[in-house]
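K.L.:
Next up is a structure, given as structure tokens.
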Amino acid sequence: MADQILIIDDDVEVSKMVAESLEDEDYKVFRSKNEAEAFDILRGNSSIATVFLDLWFGVDENAGFKILKKIKKEYPDIPVVMISGHGNVENAVLAIKKGAYDFIEKPFRLDKLLLVTKRSVELYNLKKSNADGVNDCTPYLLGSSTEIQSLHSSLKKIADSKSRVLFIAEGVGVGTELMALYLHNNSSNKFKKFVYINCYTTDDDELIKSIFGEFVHGINVGGALDDEENGTIFLDNIFNMPMSVQTKFLSYLKSDNVNNNIRIISSSGKVDFHDLVSKKIFIEDLLYRLNVVTLTVPSIASRKEDISPIIDYFIKNSLKIYGIEPKTISSEAKILLMAYDWPGNVKQIKNIIEYLLLMSKNERTIKIEHIPDEVKYRKANDPINITKLIDIPLKDARNLFEKYYIETQIAKFSGNISEVSRFIGMERSALHRKIKTLCIKETDDINIPFNRNNM
């Protein structure tokens with residue numbers, strides 16, 4: 001991700017102070033004293049993620065506006081943060097209306113500087129990821145399972161509307177932010193901004209500023225709900241929103257000033273709505289105003305037949321996603337991946353495929369030996385559901401069944417391979433070969449539950 005910053009300011013001391021503060025946070029910082037130097041730096045560095053721009057240069061009080069206009073024309077995705085002195089805050093607010101991301105007033109507060117930098121860099125990286133296809137929702141909606149087909153159908157139906165949506169994630173890594181982005185990109189607001197706000201915070205005031213803005217010299221600036229350039233606001237971890245913010249948010253939604261052109265999408269893990277309200281964790285009226293449409297994003301555990309196409313997608317599109325040439329994957333390796341529980345869901349599959357591509361660097365095929373031990377030798381938490389096997393090829397289904405079956409017998413006979421061999425009617429040497437092929441541990445710690453009712 002890009003983490004380079006450009007400071008454009010003819011005040012050397014101010015420029016140096018800002019640079020040192022950001023460098024302490026591991027940002028790479030470039031400094032320039034004029035427009036010519038600034039654009040030389042921009043042209044020579046494709047990873048500039050934020051520009052800090054002073055409004056005044058020498059005696060020219062409009063120099064900052066001129067440079068801002070040129071940056072927005074040539075580098076529209078780079079957030080520009082205006083640096084403003086005491087005497088020209090109104091101009092800074094005007095600059096925001098002209099396209100600046102935010103402004104910081106001199107003298108600087110370090111916490112404000114770092115917070116604005118963090119958010120602007122995140123915005124740039126989000127835009128870049130969208131443009132590169134990294135934030136593509138496709139792999140998160142792949143599969144033939146009833147659960148994912150139903151979700152995909154619902155998303156298409158409600159995309160081009162202003163209805164408020166609440167996503168309930170059945171686990172981490174299921175892609176709720178990308179689902180929200182999908183709705184944004186397929187709506188009439190797609191040419192406006194998608195704003196991400198995490199409600200899990202220990203600083204109520206900063207969250208209020210992010211959503212509603214703050215008053216500076218009598219002028220309200222910086223609030224996501226007041227920016228006409230915003231199309232969608234995504235409130236992650238919505239039920240962690242502090243009560244003080246909930247109260248203010250509810251008042252806003254009930255007021256005549258509510259901006260209905262901005263769509264509000266929220267997300268949370270699995271919760272009991274009644275419990276939230278009865279324990280006064282969340283305001284009931286606000287809850288019902290936010291979940292006009294409630295969509296559950298299923299975990300991989302509930303749709304294991306979708307693992308295979310998701311794996312295939314990440315491997316086939318590896319050049320675009322990871323910058324690594326596509327490879328093939330052996331059937332044995334794929335069986336192991338399909339047998340894994342994937343507690344981190346699609347996000348974990350994406351990360352493991354990148355790992356496998358790197359580990360098989362000098363080979364054209366991903367093999368069993370490339371798979372990390374935590375995936376090879378897992379403890380399954382759920383019984384195998386035989387009905388799921390009808391959705392995969394016969395050879396894969398047979399291997400997957402054999403893996404579960406032998407693991408179950410090893411657990412049943414406390415790791416005694418001779419007893420397992422005798423019980424299943426297979427020569428001990430042949431069983432050892434099968435165990436090695438299927439990457440099964442010869443111990444009793446596998447503890448695989450097997451549900452005969454699923455047969």
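Letters A, B, ... go to the chains of the structure tokens in the order shown; residues in each chain start at 1; ligands are counted from 1 in the same order.
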Can you tell me which residues surround stretch 109-119 of chain A at a distance of at most 9 Å, considering only C-alpha atoms, apart from same-chain residues fewer than 5 positions away, and format the answer as a list in words?
P.N.:
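Near neighbours after the sequence-gap exclusion: Ile5, Val18, Ser21, Leu22, Glu25, Thr50, Val81, Asp102, Phe103, Ile104 and Tyr124 of chain A.
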K.L.:
With a distance cut-off of 12 Å and only C-alpha atoms, select the neighbouring residues of A:Asp3, excluding the residue or stretch itself and same-chain residues fewer than 2 positions from it, and output the selection as number ranges by chain.
P.N.:
A: 1, 5-6, 22-23, 25-30, 45-51, 78, 117-125
K.L.:
Could you dump the residues just selected with C-alpha atoms as a compact mmCIF listing (two decimals), in the first residue's frame?
P.N.:
# COMPACT_ATOMS: atom_id res chain seq x y z
CA MET A 1 0.00 0.00 0.00
CA ILE A 5 3.43 12.00 1.74
CA LEU A 6 4.23 15.23 -0.08
CA LEU A 22 5.08 11.84 9.98
CA GLU A 23 8.44 10.14 9.58
CA GLU A 25 5.09 7.17 12.18
CA ASP A 26 7.01 5.42 9.34
CA TYR A 27 5.64 7.50 6.48
CA LYS A 28 8.06 8.40 3.71
CA VAL A 29 7.91 12.18 3.30
CA PHE A 30 8.87 14.48 0.41
CA ASN A 45 6.58 8.94 -7.42
CA SER A 46 3.46 6.90 -8.12
CA SER A 47 2.85 6.13 -4.46
CA ILE A 48 2.13 9.61 -3.10
CA ALA A 49 -0.95 8.95 -0.96
CA THR A 50 -1.55 12.42 0.51
CA VAL A 51 -0.46 16.00 -0.20
CA ILE A 78 -4.72 11.94 -4.22
CA THR A 117 -2.99 11.60 7.64
CA LYS A 118 -4.16 8.11 8.57
CA ARG A 119 -7.63 8.68 7.14
CA SER A 120 -6.46 10.36 3.94
CA VAL A 121 -3.94 7.59 3.24
CA GLU A 122 -6.64 4.97 3.86
CA LEU A 123 -8.93 6.79 1.41
CA TYR A 124 -6.23 6.88 -1.26
CA ASN A 125 -5.42 3.18 -0.83
K.L.:
From the DSSP assignment of the backbone, select every residue of stretch 209-264 of chain A that is strand (DSSP E), and format the answer as an NGL selection string.
P.N.:
:A and (214-216 or 219-221 or 230-236 or 263-264)
K.L.:
From the list A:Ser251, A:Ser268, A:Thr365, A:Ser331, which residue is nearest A:Leu295 when using only C-alpha atoms?
P.N.:
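Closest to A:Leu295 of all the choices is A:Ser268.
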K.L.:
So that I can check the secondary structure, give me every residue of stretch 116-346 of chain A assigned alpha helix (DSSP H) by backbone DSSP, as a PyMOL selection string.
P.N.:
chain A and resi 116-132+146-158+176-185+204-212+243-254+273-278+284-290+307-316+318-322+331-339+345-346
K.L.:
Could you pull the residues within 7 Å of A:Asp236, counting only C-alpha atoms, minus those fewer than 2 positions along the same chain, as a tab-separated table (two decimals) with N, CA and C atoms, in the first residue's frame?
P.N.:
chain	number	residue	atom	x	y	z
A	197	ILE	N	-16.21	4.24	7.94
A	197	ILE	CA	-16.06	4.72	9.32
A	197	ILE	C	-16.20	3.53	10.26
A	198	ASN	N	-15.20	3.30	11.10
A	198	ASN	CA	-15.25	2.22	12.08
A	198	ASN	C	-15.82	2.74	13.39
A	199	CYS	N	-16.93	2.18	13.82
A	199	CYS	CA	-17.60	2.66	15.04
A	199	CYS	C	-17.00	2.08	16.31
A	234	PHE	N	-20.30	3.88	5.07
A	234	PHE	CA	-20.31	2.52	5.60
A	234	PHE	C	-19.86	2.55	7.05
A	238	ILE	N	-21.24	-1.39	13.83
A	238	ILE	CA	-22.23	-0.40	14.21
A	238	ILE	C	-22.69	-0.55	15.65
A	266	SER	N	-24.56	-0.30	7.21
A	266	SER	CA	-23.91	-0.67	8.47
A	266	SER	C	-23.55	-2.15	8.46
A	267	SER	N	-22.69	-2.54	9.40
A	267	SER	CA	-22.36	-3.96	9.50
A	267	SER	C	-22.06	-4.32	10.95
A	268	SER	N	-22.21	-5.62	11.24
A	268	SER	CA	-21.93	-6.13	12.58
A	268	SER	C	-21.72	-7.64	12.49
K.L.:
List as a CSV table (one decimal) with all heavy atoms, in the first residue's frame the protein and nucleic acid residues near A:Lys248, meaning an atom at most 10 Å away when only C-alpha atoms are counted, but skip any in the same chain fewer than 4 places from it.
P.N.:
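Result written to out-v5.csv:
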chain,number,residue,atom,x,y,z
A,208,ILE,N,-17.7,11.4,16.5
A,208,ILE,CA,-18.7,12.4,16.2
A,208,ILE,C,-18.2,13.4,15.2
A,208,ILE,O,-18.9,13.7,14.2
A,208,ILE,CB,-19.0,13.2,17.5
A,208,ILE,CG1,-19.9,12.3,18.5
A,208,ILE,CG2,-19.8,14.5,17.2
A,208,ILE,CD1,-20.2,13.0,19.8
A,212,PHE,N,-20.3,13.8,12.0
A,212,PHE,CA,-21.1,15.1,11.9
A,212,PHE,C,-20.2,16.3,11.7
A,212,PHE,O,-20.7,17.4,11.5
A,212,PHE,CB,-21.8,15.2,13.3
A,212,PHE,CG,-22.7,14.1,13.6
A,212,PHE,CD1,-22.3,13.1,14.5
A,212,PHE,CD2,-23.9,13.9,12.9
A,212,PHE,CE1,-23.1,12.0,14.8
A,212,PHE,CE2,-24.7,12.8,13.2
A,212,PHE,CZ,-24.3,11.9,14.2
A,243,MET,N,-22.9,5.3,23.1
A,243,MET,CA,-24.3,5.7,23.3
A,243,MET,C,-24.5,7.2,23.0
A,243,MET,O,-25.5,7.6,22.5
A,243,MET,CB,-24.7,5.5,24.8
A,243,MET,CG,-26.2,5.8,25.1
A,243,MET,SD,-27.4,4.9,24.0
A,243,MET,CE,-27.2,3.2,24.6
A,244,SER,N,-23.4,8.0,23.3
A,244,SER,CA,-23.5,9.5,23.1
A,244,SER,C,-23.6,9.7,21.6
A,244,SER,O,-24.3,10.6,21.1
A,244,SER,CB,-22.3,10.2,23.6
A,244,SER,OG,-21.1,9.7,23.0
A,252,TYR,N,-30.3,13.1,14.3
A,252,TYR,CA,-30.0,13.6,13.0
A,252,TYR,C,-31.0,12.9,12.0
A,252,TYR,O,-31.6,13.5,11.1
A,252,TYR,CB,-28.6,13.2,12.6
A,252,TYR,CG,-28.3,13.3,11.1
A,252,TYR,CD1,-28.1,14.6,10.5
A,252,TYR,CD2,-28.3,12.2,10.3
A,252,TYR,CE1,-27.9,14.7,9.1
A,252,TYR,CE2,-28.1,12.3,8.9
A,252,TYR,CZ,-27.9,13.5,8.3
A,252,TYR,OH,-27.7,13.6,7.0
A,253,LEU,N,-31.2,11.5,12.2
A,253,LEU,CA,-32.0,10.8,11.2
A,253,LEU,C,-33.5,11.2,11.4
A,253,LEU,O,-34.3,11.1,10.4
A,253,LEU,CB,-31.9,9.3,11.5
A,253,LEU,CG,-30.5,8.7,11.2
A,253,LEU,CD1,-30.5,7.2,11.5
A,253,LEU,CD2,-30.2,8.9,9.7
K.L.:
Here is a test: counting only C-alpha atoms, which residue of A:Glu305, A:Glu170, A:Glu90, A:Glu13 is nearest to A:Pro107?
P.N.:
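Counting only C-alpha atoms, the residue closest to A:Pro107 is A:Glu13.
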K.L.:
For a quick check of understanding, using only C-alpha atoms, which of A:Asp226, A:Thr294, A:Lys209, A:Phe65 has the smallest distance to A:Leu155?
P.N.:
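Looking only at the distances to A:Leu155, the closest residue turns out to be A:Thr294.
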K.L.:
Measuring between only C-alpha atoms, which one of A:Thr232, A:Ser150, A:Asn237, A:Thr138 shows the shortest distance to A:Val297?
P.N.:
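Smallest separation from A:Val297 among the options: A:Ser150.
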K.L.:
Taking into account only C-alpha atoms, which residue in the set A:Ile71, A:Ile335, A:Ala169, A:Asp11 is nearest to A:Lys106?
P.N.:
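Among the listed residues, A:Asp11 lies closest to A:Lys106.
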K.L.:
One decimal, in Å: what's the spacing between atom CA of A:Lys403 and atom CA of A:Gly415?
P.N.:
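Atom-to-atom, atom CA of A:Lys403 to atom CA of A:Gly415, that is 14.7 Å.
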K.L.:
Which of these, A:Thr328, A:Asn345, A:Ser161, A:Ser154, has the shortest distance to A:Ser188 once you count only C-alpha atoms?
P.N.:
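Closest to A:Ser188 of all the choices is A:Ser161.
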K.L.:
Neighbours of A:Glu147 within 10 Å (only C-alpha atoms; same-chain residues fewer than 2 positions away dropped), as a list of chain:residue names?
P.N.:
A:Leu141, A:Gly143, A:Ser144, A:Ser145, A:Gln149, A:Ser150, A:Leu151, A:His152, A:Thr296, A:Val297, A:Pro298, A:Ser299, A:Ser302, A:Arg303
K.L.:
Tell me, as a PyMOL selection string, which residues lie within 12 Å of A:Phe249, counting only C-alpha atoms; anything in the same chain fewer than 5 positions away does not count.
P.N.:
chain A and resi 207-212+225+235+238+241-244+254-255+257-258+264+282-283+285-287+289-290
